[in-house]
Each structure stands twice: as C-alpha cells, then as structure tokens.
Amino acid sequence: MTPDLALTLSAVLAIGIGAQWLAWYLKQPSILFLLLIGIIIGPVLGWFNPDQALGDLLFPFISLGVAVILFEGSLTLEFHEVKSHGRVVQMLVSVGVLITIAIAGAAAYFLFDMHPLIALLFGALVCVTGPTVIIPILRNLRANKNISNVLRWEGIIIDPIGAIAVVLVYEYIISGGSGENALLLFGKILLIGAMLGLAGATVLATLLKKHWVPEYLRNIFTLAFVLLVFSVSNHIEHESGLLTVTILGVALANWPKFPKDDILDFKESLSILLISVLFIVLAARLDLASVEQIGYTSLILLAIIMFVARPLGVWVSSMGSKLKTNEKLMISWIGPRGIVAAAISSLFAIRLEEFGLAGTEYLVPLVFIIIIGTVLTQSLTAAFVGNLLGVREPSNNGVLIIGSNPVALTVAKALKEHNVDVLMAHNNYSNIAKARMEGIRVYFGNPISEHADRNLDLIGFGHVFAMSMDQELNSLSELNFRHTFGKQNIYRLRSAKDKNKNDRQEKDEYYQSPWLFSESVTYGQLASMIAKNAKIKVTNITENYNFEQYQNDNPNYVALFMIDRNDTMKVFSSETEGKNIKEGTKIISIVMDSEDPKGERPTPSGAQKEQFQKLAQKEKGMS
C-alpha cells in the first residue's frame, strides 16, 4: 500500500466517522450525510476517485462489505416477531412490498425505457426502508403509539425481507432470466445458497452453543466464518454468495438459543466503521453525467414512489384495521429508503454492466436520488405534516427509569396509573420481574450497554429518572442519555452520599442534572415513607384550592409530578418545585398521613419494618 493510498483511506475513514457524528448530533439518518459528503468529495470536487485509488481491490471491498451488511440485517429477521406485531405490519412487509415493487418497477420501465428485469430489480431495491433511517425521524416526529409502532416494526422487519427479494431478483438476472438453461442455473444458485447457508448455520451454531469457541474470539470468529462461507459459495457457483449469507443470517436468527445478541453488538460496531467508508466510496463513484441525463424525469419517479406506491401500499395493508385516516396518511408519508438499497444497487450495477441490459447505467443514480429525496424530504417535513394531521404527541411524555428498587417501582406505578409511558431498566432480575408483574415495561440488563443502545425503544420517551441505588450507574446514565434527552430532562434522585458532596462538586454544572422531586428529597426518605405505608395521593388544584393550601394540609408529603390540562406530565425537581402550578393541574404526591382515624400514627407491619431496616442500612452504607 503506497503512502498516498494509506493517507486517502485514512482521510475517508475520518470523514465518514465525522459524518456519523454529525448525524448523531443533529439526530438525523447518517446515510444522508455519508452520501452527500461522498458526492461532494468525489464527482463534484474530484478529491477522491475510488476506482483509481483502490483499483482491483474495489470490487472485493464492496462485495465483502455488502455481505456483512446483508448478514447483519438478516440476523434480525425472527419469524415470531413478524407474527407478533399486528396485521398491519405483516401486510406492509408482504403485500405492501409487492405493491411497491410493482409500481416502482413499472414507473422505471416506462419513464426510462429500462429492460423489464432491471426495472424489476429497481422496484425491489426501493421497497426497502430500515431502522437506521426510520428511528431518527420517529424521535423527532413524536407520533402517537399507533403510528410509531407500525413504522418502527415495519423498518426492522422489512430490512431483511427486502434484501432477500433484491438478491433473488439479482440471481435470476445473472442466471440469464429466461430459457431452460437459465432456469436451471437459477435453481442451482438457490440450491447452493440454501444448502451452504443452512450448513453454515448448523456449524456456527454448534460451535458457539457448545462453547468450542472461547468468548473473546466469538465475534471475530463469526465475522471470519461469514466471509469464508460467502467466498466459498461464490467459488462454487458464481454470484451465489449473497444469497448464502442472507440465508445463513435468517437461519441463525431463528436458531433456538443461538447467542446472537453478542454477535449483533459487535456487528453494529463493525457496521458503523464499514458503512462510514463504504457509502462514501459508493457515493464518490456516482456519475454526474448520468444524473444530468435522467434530469427531471427522476423527480417524477420519486413523486410516483412517494405519492402513489407508498400510500397505496399503506392503505391496502391497513384495510380493516383500527388505524384512523390521519394515521394512515402519516404512515403513508414516512417511507425513507436506506442502507440496503444504496449498498446493493452499487454492487449489482458493477456486476450487471457486462450483461448490457438497458437502464443498468441508471440504477445507481436513480436509487441515490430516491434515498436522498425520501430521507431529506421526510425528515425535514415529518413534524410539520404530523402537526397538520394532528397525530403528534404534545411532548415526549414517557419516562425511562434507571433502577428497580421499591422506590423506583412505586414511582413507576404512579406514572403508569396516569397514562404516562414508563420503561424500567436495570440488571436486578428479581426486582425487574416484580415490575413486569405490575404490567410495567422493563429492560433487563445494563441500561448504558451496547445491547441497550440497540434494544431500548425510546421513541415517545422524553425524561430519564436516575433512581438506582448504584450512584455510579446513575452518573453514567446521566452522561449516556444527555444528548438524546437533553440535560434539562434528566433527573437524579438524591442519596445521602449525594447530600454530603463538597462545594466544588456541587458547582460542576456539566455533570449535575436537576435533583428529582426536590433538592432536599433523598432515596432514604422515600424508602422510609414507603415502608411506613405512605400513599400515592392525587389532588386537583382549583380556583378555591391552590398549591399553598395543599402544602398546609399535607405537612409530610413529597410531590412527584403533575398532570396539566393537556395531559402533559411535568416533573417536580430542584429547578421547578412549586412553580407555575395553575388551575386544573393534578398533583401526584406520596403522602404520609400524620395520624390515622383513631388519632394514632400508622404502624408498619413486621415485613415492612424489616424491609425498611434493610433499605436504611443500605442507604447508610452508601453515605
């Protein structure tokens, strides 16, 4: 490798990671920035020419990159997930896919005089959306549950299904597409892909489940195994490798007790690195002359996909469902195309050039225009359209609770009873199990792990309550979720240890989130109140009964949160306690009655006394 090539690749990697950071900072899909930057440094400014820089390594690099992307995507296709997310999602990833392929393919055929098989391939390419482009849009949209659930699960499930459809169409084209010999070759490719994929899944699952591969080698071993199976399949039958690794991923996704979570964690890190370079390389190869040649006709095709294919697929898929008209319209508007389309179209275009089929040269520029057009248009207008249709939530009201102790569970139950979405995340199995039994959504595991980054569904959540008795976990959670939620929406429950902080620590504004409920309220205080049979009390603030009177009537209370006239939850904290409480607001507090009806203080049971003593001892030990 020459020094110039090393410098070029290092610069591309640095620019790619910079694009990923920019996407994270602006909370937008990363593919938009990667493609735009690749186009700018490639065909626009001429700073980077992938064909010249990589030479003979270009096609193997793209092939192996696409293989990894397809394997990772197919590793998420669990058949039971398809069945468990409602009829609308099932229809969108089946009937909806077919409608999109048919309309997009027919439009490309007539507008660009494409060969029918290339038009069919184009239709298959642009039927695929994906979670990497959908989720950032959903977080900014703040749509209601019906819309968010449909769009999120459609994106997750359709990614591998669409990839399978694309690969099958491609394999049919390279087999010759017609005639007895072509059908035999297509059948041979399918057979080899299925046999090697299933055999590879059996070998890999056996090796990992029986612990014949040490823990520290599992991820890199899987990567090497996938690339080897891909290459062996291509060696046995030309171009069968992509189908093989796709079947391999699907088989492992549905293999009982296969440890795929660890593999996905590693693959996600690898994919960020791979995608950062791959998509800049692909975009830098874009031929601007082809873009100019297709001109405004490409915008007509974009409009047909956005305003005909997508809405028709959604309305047919949602027939007989409980979705309202405005919800169907919102789902129809959100359908950005993503990573699979960009990666596979570029690879296939290189391979299909030798077949000389009409329209092959338009494949990449058209797919890129569809990706950039849908992502840019829909990410910028989603909030406006949501407001217009009246499907947006007034705010991200949901609460992510870090911790699963009795205090956290009491607060979670109070929130849930007032229709606030709650998600408890912690690694204490017995406490998490109790929360699940109360009907509360839970995440069992470390809430700041890579696994949590991939599996925590935070759409609709706008607040974090750090309530764990592990103060280090609370601090790390504050830092981890600061960008996602904003510093002002992260609250930490004070402990005795926090109360003893010195002045220097108190003045460190960057690390200090608002104290939950009040600056003076501590975990030990709430645990003591709960152990002594304190009750959750709901009080309406009216013209004749203001907050000051409420305070006078309840000398031993802790205000938790309030619900305003618009059913928006607002948290009591060190920055907001007792401020701007208007008429029509409900105050939800934990209240200790000073006396019972007989004039006596309530006496906790033996079990409650024991629980309180344990909590008090633990609190004392943490101080």
# chains A, B, ... in the order shown; residues from 1 in each chain; ligands from 1

call {"tool": "select_by_dssp", "arguments": {"residues": "range 54-140 of chain A", "states": "helix (DSSP H, G or I)", "output": "PyMOL selection string"}}
result
chain A and resi 54-74+79-83+86-92+95-112+116-125+131-140

call {"tool": "residues_around", "arguments": {"residues": "range 103-114 of chain A", "least_positions_apart": "6", "cutoff": "7 Å", "atoms": "only C-alpha atoms", "output": "PyMOL selection string"}}
result
chain A and resi 120+122-123+301+305+309+358-359

call {"tool": "closest_residue", "arguments": {"among": "A:Val68, A:Val203, A:Ile135, A:Ile530", "to": "Leu278 in chain A", "atoms": "only C-alpha atoms"}}
result
A:Val68

call {"tool": "closest_residue", "arguments": {"among": "A:Leu366, A:Ile17, A:Ile189, A:Ile69", "to": "Leu302 in chain A", "atoms": "only C-alpha atoms"}}
result
A:Leu366

call {"tool": "closest_residue", "arguments": {"among": "A:Asn446, A:Thr325, A:Asn140, A:Ser332", "to": "Ala382 in chain A", "atoms": "only C-alpha atoms"}}
result
A:Asn140

call {"tool": "closest_residue", "arguments": {"among": "A:Ile173, A:Ala531, A:Ala67, A:Val385", "to": "Asn234 in chain A", "atoms": "only C-alpha atoms"}}
result
A:Ala67

call {"tool": "atom_distance", "arguments": {"atom1": "CA of Gly73 in chain A", "atom2": "CA of Asp159 in chain A"}}
result
6.4 Å

call {"tool": "residues_around", "arguments": {"residues": "Ser589 in chain A", "least_positions_apart": "4", "cutoff": "8 Å", "atoms": "only C-alpha atoms", "output": "PyMOL selection string"}}
result
chain A and resi 536-538+557-561

call {"tool": "residues_around", "arguments": {"residues": "range 244-249 of chain A", "least_positions_apart": "6", "cutoff": "7 Å", "atoms": "only C-alpha atoms", "output": "list in words"}}
result
Ala67, Leu70, Phe71, Glu72, Ser74, Leu75, Ile164, Gly193, Ala194, Leu196, Gly197, Leu198, Gly200, Ala201, Val226, Phe230 and Ser233 of chain A

call {"tool": "atom_distance", "arguments": {"atom1": "CA of Trp212 in chain A", "atom2": "CA of Phe225 in chain A"}}
result
14.2 Å

call {"tool": "closest_residue", "arguments": {"among": "A:Pro50, A:Pro43, A:Pro259, A:Gly313", "to": "Val93 in chain A", "atoms": "only C-alpha atoms"}}
result
A:Gly313

call {"tool": "residues_around", "arguments": {"residues": "Gln488 in chain A", "least_positions_apart": "4", "cutoff": "9 Å", "atoms": "only C-alpha atoms", "output": "list of chain:residue names"}}
result
A:His463, A:Arg482, A:Ser513, A:Pro514

call {"tool": "atom_distance", "arguments": {"atom1": "CA of Ser240 in chain A", "atom2": "CA of Ile192 in chain A"}}
result
7.2 Å
